[in-house]
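J.: I'd like to ask you about the structure that follows.
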Amino acid sequence: MKLAGINRRERTPAERSGRRIVSKSAYLNGLQCPKLLWYRCNDPDQIPAPDEQTRAIFDQGHEVGQLARQLFADGVEVGRGIIDLDQVIALSRQAIRLRRPLFEAAFSFEGAYARADVLDPVGTDAWDLIEVKSTATLKDIHLHDLAFQAYVFAGAGLNIRRCLLAHINSNYVRQGQIDPRSFFVLEDVTSQISELSRDVPEKLEEMFRIIRKPEYPQIAIGPQCDDPYKCPLHDYCWKFLPKNNVLTLYRGRTKGFKLLAEGITELENIPDRISLTANQKIQRTASLTGQPHVDKAAIGPFVGQFRYPVAYLDFETLGTAIPLFDGVRPYQQIPFQYSCHVLRSANGELEHDYFLAEGPDDPRRQFMERLRQALPGDGSIVVYNASFELGRLEECCEVYPEFTAWVNGLKRRVVDLLLPFRGFRYYHPQQGGSASMKAVLPALTGKGYNHLDIEEGGMASLKFLRVTFGDVSPEERARVRKNLEEYCGLDTLGMVWIVEALRALAGG
Ligand code: SF4
């Protein structure tokens, strides 16, 4: 079967004039934004290198890709380590004669170039084209990705029978060695790809037209900057925005882009004719006056509900595509660290307890045991975004039911410190429309995380994984673990400071 809409004999005028190569990643960039495509092809040095978290996502994708290869016995990797396109294509042409599963085989067609995760031989001359993704669901961008490959491979002369997406089975639970046949779901998307492939030549033609221009296209920032991925040129394109810009409107991105299109950039310049929610009006007023909004009538009862001893609690978690431990699903968040500050009375001394897992074993049982010892038997438990912490505790109870009664007892005592900020009972213009603790703490107390090596949870998880499972020196491991303790400790100390500040506001 030939995929529909592909005519190998027809060459466009641009192709005949000798145009440049568009790789699969450039094509996907082009679908996201013409400006990104232009930079990718004409001035790639302007595109910042991926940061540590993005690299970790790539690494995870690579690990999943390696696991998927186990589905194809007798597979051969083509052109390992070779980046010269012509060489890889020549090697791929030789490799297809083997009629064995091929990893990373590459072909080009009419200026488009693609490498396939897997080409699986079918019968005497057909192939299944398989793209491996480290996500649990199929996304539109995956279909475009496969459609581009199908267009190139079919155009290069391969008889593509089916197009398949191998993605992670979110219901998979690890027990012992990872079984790739249960870990992956192979979804046949041939009919969707056949449809989408028809549009590829036209889209490519437009992309080549953009690339050939001497200047990048003038594209306004918009929803495409974060969809399907955060654009690597985000900081560059968005740098003209002032801090309190219309895109910081709480739950108002669409409205913000409309305002930008009208030339309204700052919150304080939003005219009265624009309909705003109550919270968005608070933002505009705070931005105009430079003063925080304080709803004393709501803050008073909120801080008044705390019962001593008051425990301030925060977790750090890790979640990997390939579960590290038995009984764990892909991307399930596993707690590996907590910090707990306890104030036994209004004028009491602040006590601190923390736990940071040691070694590569499943940390959950020890985490739960230590936490049960650390938390007082009564009083309030203050967390920031309670559903996250409670959700992790409930998941731990699924594996260790002996903790269930204790966790059920905790639920009644939990106070979510996020609520007054998400409800705009307090809002400071410095929060920039965010109720996250990273935004609230400096705005409300003047204190923050900037002095720490680890400034947010995603980085904490990465660092823990690196020093726990990676090959690092004992000195480096000790240094990072100290940073982790400081970071998580500041999360709970920060909550203490926030509550003190709220109490002062309520009483003042
Ligand atoms: S940040 Fe937005 S406008 Fe700029 S290149 Fe990326 S997607 Fe395009």
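Just so we're on the same page: first chain in the structure tokens is A, next is B, and so on; residues restart at 1 for each chain, and ligands are numbered from 1 in the order they show up.
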Mind checking which residues fall within 10 Å of A:Thr445, counting only C-alpha atoms, ignoring those fewer than 2 positions away in the same chain, and posting them as a ChimeraX atom specification?
T.: /A:440-443,447-448,494,497-498,500-502
J.: Which residues are near ligand 1 in this structure, taking near to mean any atom at most 12 Å from a ligand atom and counting only C-alpha atoms and all ligand atoms? Format them as a PyMOL selection string.
T.: chain A and resi 28-40+44+46-48+216-240+257
J.: At a cut-off of 9 Å, using only C-alpha atoms, what residues contact A:Gly252? Leave out same-chain residues fewer than 4 positions from it and give the result as an MDAnalysis selection string.
T.: chainID A and resid 246:248 256:257 276:277 280
J.: Which neighbours of stretch 75-79 of chain A fall inside 9 Å, counting only C-alpha atoms, when residues of the same chain fewer than 2 positions from it are skipped, and could you give them as a list in words?
T.: Arg69, Gln70, Phe72, Ala73, Gly81, Ile82, Ile83, Gln87, Val88, Ile89, Leu91, Ser92, Ala95, Arg100, Pro101, Leu102, Phe103, Glu104, Ala105, Ala106, Val118 and Asp120 of chain A
J.: Keeping only N, CA, C and O atoms, write the selected residues to a file as an mmCIF file, in the first residue's frame.
T.:
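Done, and the output landed in part.cif:
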data_model
loop_
_atom_site.group_PDB
_atom_site.id
_atom_site.type_symbol
_atom_site.label_atom_id
_atom_site.label_comp_id
_atom_site.auth_asym_id
_atom_site.auth_seq_id
_atom_site.Cartn_x
_atom_site.Cartn_y
_atom_site.Cartn_z
ATOM 1 N N ARG A 69 13.105 -0.681 21.608
ATOM 2 C CA ARG A 69 13.837 -1.534 20.662
ATOM 3 C C ARG A 69 13.729 -3.012 21.032
ATOM 4 O O ARG A 69 13.856 -3.885 20.175
ATOM 5 N N GLN A 70 13.487 -3.267 22.330
ATOM 6 C CA GLN A 70 13.361 -4.669 22.746
ATOM 7 C C GLN A 70 12.115 -5.338 22.154
ATOM 8 O O GLN A 70 11.980 -6.557 22.170
ATOM 9 N N PHE A 72 11.487 -5.342 19.124
ATOM 10 C CA PHE A 72 11.820 -5.756 17.762
ATOM 11 C C PHE A 72 13.099 -6.587 17.794
ATOM 12 O O PHE A 72 14.220 -6.054 17.733
ATOM 13 N N ALA A 73 12.900 -7.888 17.946
ATOM 14 C CA ALA A 73 14.047 -8.787 18.040
ATOM 15 C C ALA A 73 14.862 -8.683 16.760
ATOM 16 O O ALA A 73 14.309 -8.413 15.687
ATOM 17 N N GLY A 81 25.942 7.233 15.472
ATOM 18 C CA GLY A 81 26.959 8.273 15.663
ATOM 19 C C GLY A 81 27.295 9.069 14.417
ATOM 20 O O GLY A 81 28.082 10.008 14.475
ATOM 21 N N ILE A 82 26.726 8.703 13.264
ATOM 22 C CA ILE A 82 27.046 9.416 12.020
ATOM 23 C C ILE A 82 26.023 10.524 11.821
ATOM 24 O O ILE A 82 24.811 10.284 11.876
ATOM 25 N N ILE A 83 26.514 11.745 11.572
ATOM 26 C CA ILE A 83 25.557 12.839 11.382
ATOM 27 C C ILE A 83 25.523 13.315 9.926
ATOM 28 O O ILE A 83 24.632 14.074 9.557
ATOM 29 N N GLN A 87 25.684 10.096 4.110
ATOM 30 C CA GLN A 87 26.255 8.825 4.567
ATOM 31 C C GLN A 87 25.177 7.955 5.241
ATOM 32 O O GLN A 87 25.078 6.758 4.986
ATOM 33 N N VAL A 88 24.368 8.594 6.091
ATOM 34 C CA VAL A 88 23.325 7.823 6.799
ATOM 35 C C VAL A 88 22.308 7.295 5.793
ATOM 36 O O VAL A 88 21.852 6.139 5.898
ATOM 37 N N ILE A 89 21.973 8.121 4.812
ATOM 38 C CA ILE A 89 20.990 7.679 3.813
ATOM 39 C C ILE A 89 21.559 6.498 3.007
ATOM 40 O O ILE A 89 20.858 5.501 2.762
ATOM 41 N N LEU A 91 23.784 4.340 3.985
ATOM 42 C CA LEU A 91 23.777 3.163 4.869
ATOM 43 C C LEU A 91 22.365 2.597 5.019
ATOM 44 O O LEU A 91 22.164 1.379 5.077
ATOM 45 N N SER A 92 21.387 3.484 5.074
ATOM 46 C CA SER A 92 19.993 3.031 5.208
ATOM 47 C C SER A 92 19.557 2.279 3.953
ATOM 48 O O SER A 92 18.841 1.265 4.039
ATOM 49 N N ALA A 95 20.874 -1.015 4.325
ATOM 50 C CA ALA A 95 20.274 -1.777 5.441
ATOM 51 C C ALA A 95 18.893 -2.328 5.086
ATOM 52 O O ALA A 95 18.521 -3.396 5.577
ATOM 53 N N ARG A 100 15.421 -6.623 8.068
ATOM 54 C CA ARG A 100 15.367 -6.765 9.522
ATOM 55 C C ARG A 100 14.830 -5.458 10.118
ATOM 56 O O ARG A 100 14.886 -4.422 9.447
ATOM 57 N N PRO A 101 14.316 -5.460 11.342
ATOM 58 C CA PRO A 101 13.897 -4.184 11.936
ATOM 59 C C PRO A 101 15.076 -3.215 11.957
ATOM 60 O O PRO A 101 16.201 -3.593 12.335
ATOM 61 N N LEU A 102 14.829 -1.993 11.535
ATOM 62 C CA LEU A 102 15.887 -0.987 11.467
ATOM 63 C C LEU A 102 15.577 0.144 12.443
ATOM 64 O O LEU A 102 14.457 0.659 12.477
ATOM 65 N N PHE A 103 16.592 0.533 13.212
ATOM 66 C CA PHE A 103 16.455 1.681 14.104
ATOM 67 C C PHE A 103 17.234 2.841 13.496
ATOM 68 O O PHE A 103 18.393 2.692 13.115
ATOM 69 N N GLU A 104 16.588 3.983 13.454
ATOM 70 C CA GLU A 104 17.232 5.232 12.995
ATOM 71 C C GLU A 104 17.595 5.232 11.513
ATOM 72 O O GLU A 104 18.512 5.945 11.098
ATOM 73 N N ALA A 105 16.904 4.448 10.723
ATOM 74 C CA ALA A 105 17.129 4.521 9.271
ATOM 75 C C ALA A 105 16.670 5.885 8.775
ATOM 76 O O ALA A 105 15.692 6.446 9.271
ATOM 77 N N ALA A 106 17.387 6.432 7.775
ATOM 78 C CA ALA A 106 17.095 7.798 7.316
ATOM 79 C C ALA A 106 16.912 7.831 5.806
ATOM 80 O O ALA A 106 17.601 7.111 5.069
ATOM 81 N N VAL A 118 11.758 3.288 14.289
ATOM 82 C CA VAL A 118 11.774 1.871 13.900
ATOM 83 C C VAL A 118 11.120 1.710 12.523
ATOM 84 O O VAL A 118 10.061 2.290 12.272
ATOM 85 N N ASP A 120 9.910 -1.611 10.565
ATOM 86 C CA ASP A 120 9.769 -3.050 10.803
ATOM 87 C C ASP A 120 9.355 -3.724 9.486
ATOM 88 O O ASP A 120 8.318 -3.357 8.913
#
J.: I need the residues in stretch 204-356 of chain A that are strand (DSSP E) according to DSSP; give them as a CSV table (one decimal) with N, CA, C and O atoms, in the first residue's frame.
T.:
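Listed below is the output, selection_28.csv:
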chain,number,residue,atom,x,y,z
A,293,HIS,N,-3.6,44.1,47.4
A,293,HIS,CA,-5.0,43.9,47.7
A,293,HIS,C,-5.0,43.0,49.0
A,293,HIS,O,-4.5,41.9,49.0
A,294,VAL,N,-5.7,43.5,50.0
A,294,VAL,CA,-5.7,42.7,51.3
A,294,VAL,C,-7.2,42.6,51.7
A,294,VAL,O,-7.8,43.6,52.0
A,310,VAL,N,1.1,23.5,65.3
A,310,VAL,CA,0.9,23.7,63.8
A,310,VAL,C,2.1,23.1,63.1
A,310,VAL,O,3.3,23.5,63.4
A,311,ALA,N,1.9,22.2,62.2
A,311,ALA,CA,3.0,21.6,61.4
A,311,ALA,C,2.9,22.1,60.0
A,311,ALA,O,1.9,22.2,59.4
A,312,TYR,N,4.1,22.5,59.5
A,312,TYR,CA,4.2,23.0,58.1
A,312,TYR,C,4.9,22.0,57.3
A,312,TYR,O,6.0,21.6,57.7
A,313,LEU,N,4.3,21.5,56.3
A,313,LEU,CA,4.8,20.3,55.6
A,313,LEU,C,4.9,20.5,54.1
A,313,LEU,O,4.1,21.0,53.5
A,314,ASP,N,6.0,19.9,53.6
A,314,ASP,CA,6.2,20.0,52.1
A,314,ASP,C,7.0,18.7,51.7
A,314,ASP,O,7.8,18.2,52.4
A,315,PHE,N,6.6,18.2,50.5
A,315,PHE,CA,7.2,17.0,49.9
A,315,PHE,C,8.0,17.4,48.7
A,315,PHE,O,7.7,18.4,48.0
A,316,GLU,N,9.0,16.6,48.4
A,316,GLU,CA,9.6,16.6,47.0
A,316,GLU,C,9.3,15.2,46.5
A,316,GLU,O,9.4,14.2,47.2
A,317,THR,N,9.1,15.2,45.2
A,317,THR,CA,8.8,13.9,44.6
A,317,THR,C,9.5,13.7,43.3
A,317,THR,O,10.0,14.7,42.7
A,318,LEU,N,9.6,12.4,42.8
A,318,LEU,CA,10.2,12.2,41.5
A,318,LEU,C,9.2,11.3,40.7
A,318,LEU,O,8.4,10.6,41.3
A,334,ILE,N,6.7,9.8,43.2
A,334,ILE,CA,7.1,9.1,44.4
A,334,ILE,C,7.8,10.1,45.4
A,334,ILE,O,8.8,10.7,45.0
A,335,PRO,N,7.3,10.2,46.6
A,335,PRO,CA,7.9,11.1,47.5
A,335,PRO,C,9.3,10.6,48.0
A,335,PRO,O,9.4,9.4,48.3
A,336,PHE,N,10.3,11.5,47.9
A,336,PHE,CA,11.6,11.0,48.4
A,336,PHE,C,12.1,12.0,49.5
A,336,PHE,O,13.2,11.7,50.1
A,337,GLN,N,11.4,13.0,49.8
A,337,GLN,CA,11.9,14.0,50.7
A,337,GLN,C,10.8,14.8,51.4
A,337,GLN,O,9.8,15.0,50.7
A,338,TYR,N,10.9,15.0,52.7
A,338,TYR,CA,10.0,16.0,53.2
A,338,TYR,C,10.7,16.9,54.2
A,338,TYR,O,11.8,16.6,54.6
A,339,SER,N,10.1,18.1,54.4
A,339,SER,CA,10.5,19.0,55.4
A,339,SER,C,9.3,19.3,56.3
A,339,SER,O,8.2,19.4,55.8
A,340,CYS,N,9.5,19.4,57.6
A,340,CYS,CA,8.4,19.6,58.5
A,340,CYS,C,8.9,20.6,59.6
A,340,CYS,O,9.8,20.2,60.4
A,341,HIS,N,8.3,21.8,59.6
A,341,HIS,CA,8.5,22.7,60.7
A,341,HIS,C,7.3,22.6,61.6
A,341,HIS,O,6.2,22.6,61.2
A,342,VAL,N,7.6,22.6,62.9
A,342,VAL,CA,6.4,22.5,63.9
A,342,VAL,C,6.5,23.6,64.9
A,342,VAL,O,7.6,23.9,65.5
A,343,LEU,N,5.4,24.3,65.1
A,343,LEU,CA,5.3,25.3,66.1
A,343,LEU,C,4.3,24.8,67.1
A,343,LEU,O,3.1,24.7,66.8
A,350,LEU,N,10.5,27.2,67.0
A,350,LEU,CA,10.2,26.4,65.7
A,350,LEU,C,11.1,25.2,65.7
A,350,LEU,O,12.3,25.3,65.9
A,351,GLU,N,10.5,24.0,65.6
A,351,GLU,CA,11.2,22.7,65.5
A,351,GLU,C,11.3,22.3,64.0
A,351,GLU,O,10.3,22.5,63.3
A,352,HIS,N,12.4,21.6,63.7
A,352,HIS,CA,12.5,21.2,62.3
A,352,HIS,C,12.8,19.7,62.2
A,352,HIS,O,13.7,19.3,62.9
A,353,ASP,N,12.1,19.0,61.3
A,353,ASP,CA,12.5,17.6,61.0
A,353,ASP,C,12.5,17.4,59.5
A,353,ASP,O,11.7,18.1,58.8
A,354,TYR,N,13.4,16.6,59.0
A,354,TYR,CA,13.3,16.4,57.6
A,354,TYR,C,13.8,15.0,57.3
A,354,TYR,O,14.4,14.3,58.1
A,355,PHE,N,13.4,14.6,56.1
A,355,PHE,CA,13.8,13.2,55.6
A,355,PHE,C,14.3,13.4,54.1
A,355,PHE,O,13.6,14.1,53.4
A,356,LEU,N,15.4,12.7,53.8
A,356,LEU,CA,15.8,12.7,52.4
A,356,LEU,C,16.3,11.3,52.2
A,356,LEU,O,17.2,10.8,52.9
J.: Tell me which of A:Gly446, A:Pro360, A:Gly433, A:Gly327 sits closest to A:Phe464, counting only C-alpha atoms.
T.: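 That would be A:Pro360, the residue with the smallest distance to A:Phe464.
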J.: Using only C-alpha atoms, can you tell me which of A:Pro201, A:Pro50, A:Pro180, A:Gly319 comes closest to A:Arg392?
T.: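 Ranking A:Pro201, A:Pro50, A:Pro180, A:Gly319 by distance to A:Arg392, first place goes to A:Gly319.
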J.: Using only C-alpha atoms, determine which residues lie at most 12 Å from A:Pro271, disregarding the query and same-chain residues fewer than 3 positions distant; provide the list as number ranges by chain.
T.: A: 246, 259, 262-268, 274-276, 281, 284-285
J.: Write a file of the just-selected residues containing N, CA and C atoms, as a compact mmCIF listing (two decimals), in the first residue's frame.
T.:
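The new file part-v2.txt reads:
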# COMPACT_ATOMS: atom_id res chain seq x y z
N VAL A 246 -0.48 42.21 30.20
CA VAL A 246 -1.85 41.66 30.10
C VAL A 246 -1.86 40.13 30.02
N LEU A 259 -5.91 41.63 23.88
CA LEU A 259 -5.52 42.98 24.29
C LEU A 259 -4.19 43.38 23.64
N GLU A 262 -4.56 44.57 20.32
CA GLU A 262 -5.11 45.94 20.26
C GLU A 262 -4.06 46.97 20.68
N GLY A 263 -2.88 46.50 21.01
CA GLY A 263 -1.82 47.43 21.42
C GLY A 263 -1.83 47.75 22.89
N ILE A 264 -2.60 47.00 23.67
CA ILE A 264 -2.64 47.23 25.14
C ILE A 264 -1.72 46.20 25.79
N THR A 265 -0.67 46.69 26.40
CA THR A 265 0.36 45.79 26.92
C THR A 265 0.31 45.67 28.44
N GLU A 266 0.05 46.80 29.11
CA GLU A 266 0.14 46.79 30.57
C GLU A 266 -1.24 46.65 31.23
N LEU A 267 -1.25 45.97 32.36
CA LEU A 267 -2.52 45.74 33.08
C LEU A 267 -3.23 47.07 33.37
N GLU A 268 -2.44 48.06 33.80
CA GLU A 268 -3.07 49.32 34.21
C GLU A 268 -3.70 50.08 33.04
N ILE A 274 -13.42 46.71 28.75
CA ILE A 274 -13.03 45.29 28.69
C ILE A 274 -13.59 44.58 29.92
N SER A 275 -14.28 43.49 29.68
CA SER A 275 -14.86 42.74 30.79
C SER A 275 -13.75 41.94 31.50
N LEU A 276 -13.63 42.14 32.79
CA LEU A 276 -12.63 41.42 33.60
C LEU A 276 -13.33 40.67 34.72
N LYS A 281 -9.77 42.18 37.98
CA LYS A 281 -9.91 43.60 38.38
C LYS A 281 -8.97 43.92 39.55
N ARG A 284 -5.60 44.47 38.11
CA ARG A 284 -5.46 45.77 37.44
C ARG A 284 -5.30 46.88 38.47
N THR A 285 -6.12 46.85 39.52
CA THR A 285 -6.04 47.89 40.54
C THR A 285 -4.69 47.84 41.26
J.: When DSSP works through the backbone of this structure, what residues of stretch 199-427 of chain A end up as helix (DSSP H, G or I), shown as a PyMOL selection string?
T.: chain A and resi 200-212+223-226+234-238+246-248+253-261+267-269+278-289+296-304+364-374+386-399+401-411+419-422
J.: Taking only C-alpha atoms into account, name the residue in A:Lys133, A:His428, A:Arg307, A:Arg481 that is nearest to A:Arg412.
T.: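 Between A:Lys133, A:His428, A:Arg307, A:Arg481, the residue approaching A:Arg412 most closely is A:Arg307.
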J.: When you draw a straight line from atom CA of A:Asp179 to atom CA of A:Ala68, how long is it in Å?
T.: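 So the answer is 10.0 Å.
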J.: Excluding stretch 173-175 of chain A and any residue of its chain fewer than 4 positions from it, enumerate the residues within 8 Å of it, using only C-alpha atoms, and give them as a list in words.
T.: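 The residues satisfying every condition are Pro323, Phe325, Asp326, Gly327, Val328, Arg329 and Pro330 of chain A.
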J.: Can those selected residues be exported to a file as an mmCIF file, in the first residue's frame so that it contains C-alpha atoms?
T.:
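And here's result.cif as it stands now:
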data_model
loop_
_atom_site.group_PDB
_atom_site.id
_atom_site.type_symbol
_atom_site.label_atom_id
_atom_site.label_comp_id
_atom_site.auth_asym_id
_atom_site.auth_seq_id
_atom_site.Cartn_x
_atom_site.Cartn_y
_atom_site.Cartn_z
ATOM 1 C CA PRO A 323 9.159 3.330 36.851
ATOM 2 C CA PHE A 325 10.400 0.617 41.657
ATOM 3 C CA ASP A 326 7.935 -2.249 41.827
ATOM 4 C CA GLY A 327 4.293 -1.260 42.234
ATOM 5 C CA VAL A 328 4.835 2.077 40.459
ATOM 6 C CA ARG A 329 3.191 3.372 37.267
ATOM 7 C CA PRO A 330 4.908 5.504 34.596
#
J.: Find the residues near stretch 466-479 of chain A: any atom within 10 Å, counting only C-alpha atoms, skip ones fewer than 5 places away on the same chain, and give them as a VMD selection string.
T.: chain A and resid 357 to 361 460 to 461 484
J.: From the options A:Val152, A:Val185, A:Ile130, A:Val382, which residue's atoms come nearest to A:Ile21, counting only C-alpha atoms?
T.: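 Distance minimum relative to A:Ile21 lands on A:Val152.
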J.: For atom CA of A:Ser436 and atom CA of A:Ile381, determine how far apart the two atoms are, in Å to one decimal place.
T.: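 Distance between the two atoms: 18.5 Å.
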J.: Between atom CA of A:Ile160 and atom CA of A:Ala126, what is the distance in Å, rounded to a tenth?
T.: 5.8 Å
